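Q: Right, I'll just put the structure down here and ask away after.
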Amino acid sequence: MSIIDDINASGLPADTRFVRLRASLKADPYNPAQTTEDWKHPVELEVHGALASSTSTRTPDVLDVQTTSTAVLTVADPNADIRLGDRIRPEPADGRMWEGRGALHWQPTLEVQLTEWKG
């Protein structure tokens with residue numbers, strides 16, 4: 001039995017749609033022999049899972065206020081193609097965007113640690 005099964009048994013929505021965004025590669029304008037990330041044209045992959053928010057920290061600065069939030073995304077497919085540095089957003093998009101900071105293949109699921117920065 002997986003965490004997704006436990007959540008489904010409790011009646012909570014566990015099959016939320018998310019989109020994994022991975023930067024495509026393009027020629028580096030300063031060195032065309034090398035490539036650089038292209039976030040304007042990311043490669044998208046739909047994944048399904050459950051998101052659990054973890055912590056949120058607000059850091060006041062002289063010029064700005066930044067909020068850092070962490071969460072864990074439990075994906076039903078342990079072989080989902082999610083890597084460090086990939087970005088995750090809900091589907092449909094609602095303005096939230098997380099960056100993958102770590103992944104744990106916890107059979108039969110995949111646990112992805114996420115961080116979101118605002119400000």
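By convention in this document, the chains of the structure tokens carry letters A, B, ... by their order, each chain's residues are numbered from 1, and ligands are numbered from 1 in the order they are shown.
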Taking the DSSP assignment computed from this structure's backbone, write out as a list in words all residues of chain A that belong to helix (DSSP H, G or I).
A: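 Secondary structure check on chain A, helix (DSSP H, G or I): Ile3, Ile4, Asp5, Asp6, Ile7, Asn8, Ala9 and Ser10 of chain A.
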Q: Give me the residues within 7 Å of A:Arg20 as a ChimeraX atom specification, counting only C-alpha atoms and dropping any in the same chain fewer than 3 places off.
A: /A:44-47,82,86-89
Q: Using only C-alpha atoms for the distances, tell me which of A:Glu37, A:Asp64, A:Asp77, A:Asp28 is nearest to A:Asp15.
A: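 So, comparing all the options, the nearest one is A:Asp77.
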Q: Please determine, counting only C-alpha atoms, which residue among A:Ala50, A:Leu25, A:Val19, A:Ala76 has the shortest atom-to-atom distance to A:His105.
A: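 The shortest atom-to-atom distance to A:His105 comes from A:Ala76.
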Q: Residues at most 6 Å from A:Gln113, counting only C-alpha atoms, excluding those fewer than 3 positions away in the same chain, as a CSV table (one decimal) with C-alpha atoms, in the first residue's frame?
A:
chain,number,residue,atom,x,y,z
A,72,VAL,CA,6.8,17.5,-0.8
A,100,GLY,CA,12.8,20.3,-7.4
A,101,ARG,CA,15.5,20.2,-4.7
A,102,GLY,CA,15.7,16.4,-4.1
Q: Kindly indicate which residue among A:Leu110, A:Leu84, A:Ala71, A:Ala27 lies nearest to A:Arg96, using only C-alpha atoms for the distances.
A: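 Among A:Leu110, A:Leu84, A:Ala71, A:Ala27, it is A:Ala71 that comes nearest to A:Arg96.
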Q: What is the atom CA of A:Leu104 to atom CA of A:Ala80 distance in Å?
A: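 Between these atoms lies a distance of 11.4 Å.
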Q: With distances taken over only C-alpha atoms, which residue among A:Thr74, A:Ser69, A:Thr36, A:Thr59 lies nearest A:Glu99?
A: A:Ser69
Q: Quick one, how far is atom CA of A:Thr68 from atom CA of A:Trp117?
A: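 Interatomic distance here is 4.7 Å.
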Q: For a test of reading the model, state the distance in Å between atom CA of A:Gly85 and atom CA of A:Arg22, rounded to one decimal.
A: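 Interatomic distance, atom CA of A:Gly85 to atom CA of A:Arg22: 7.8 Å.
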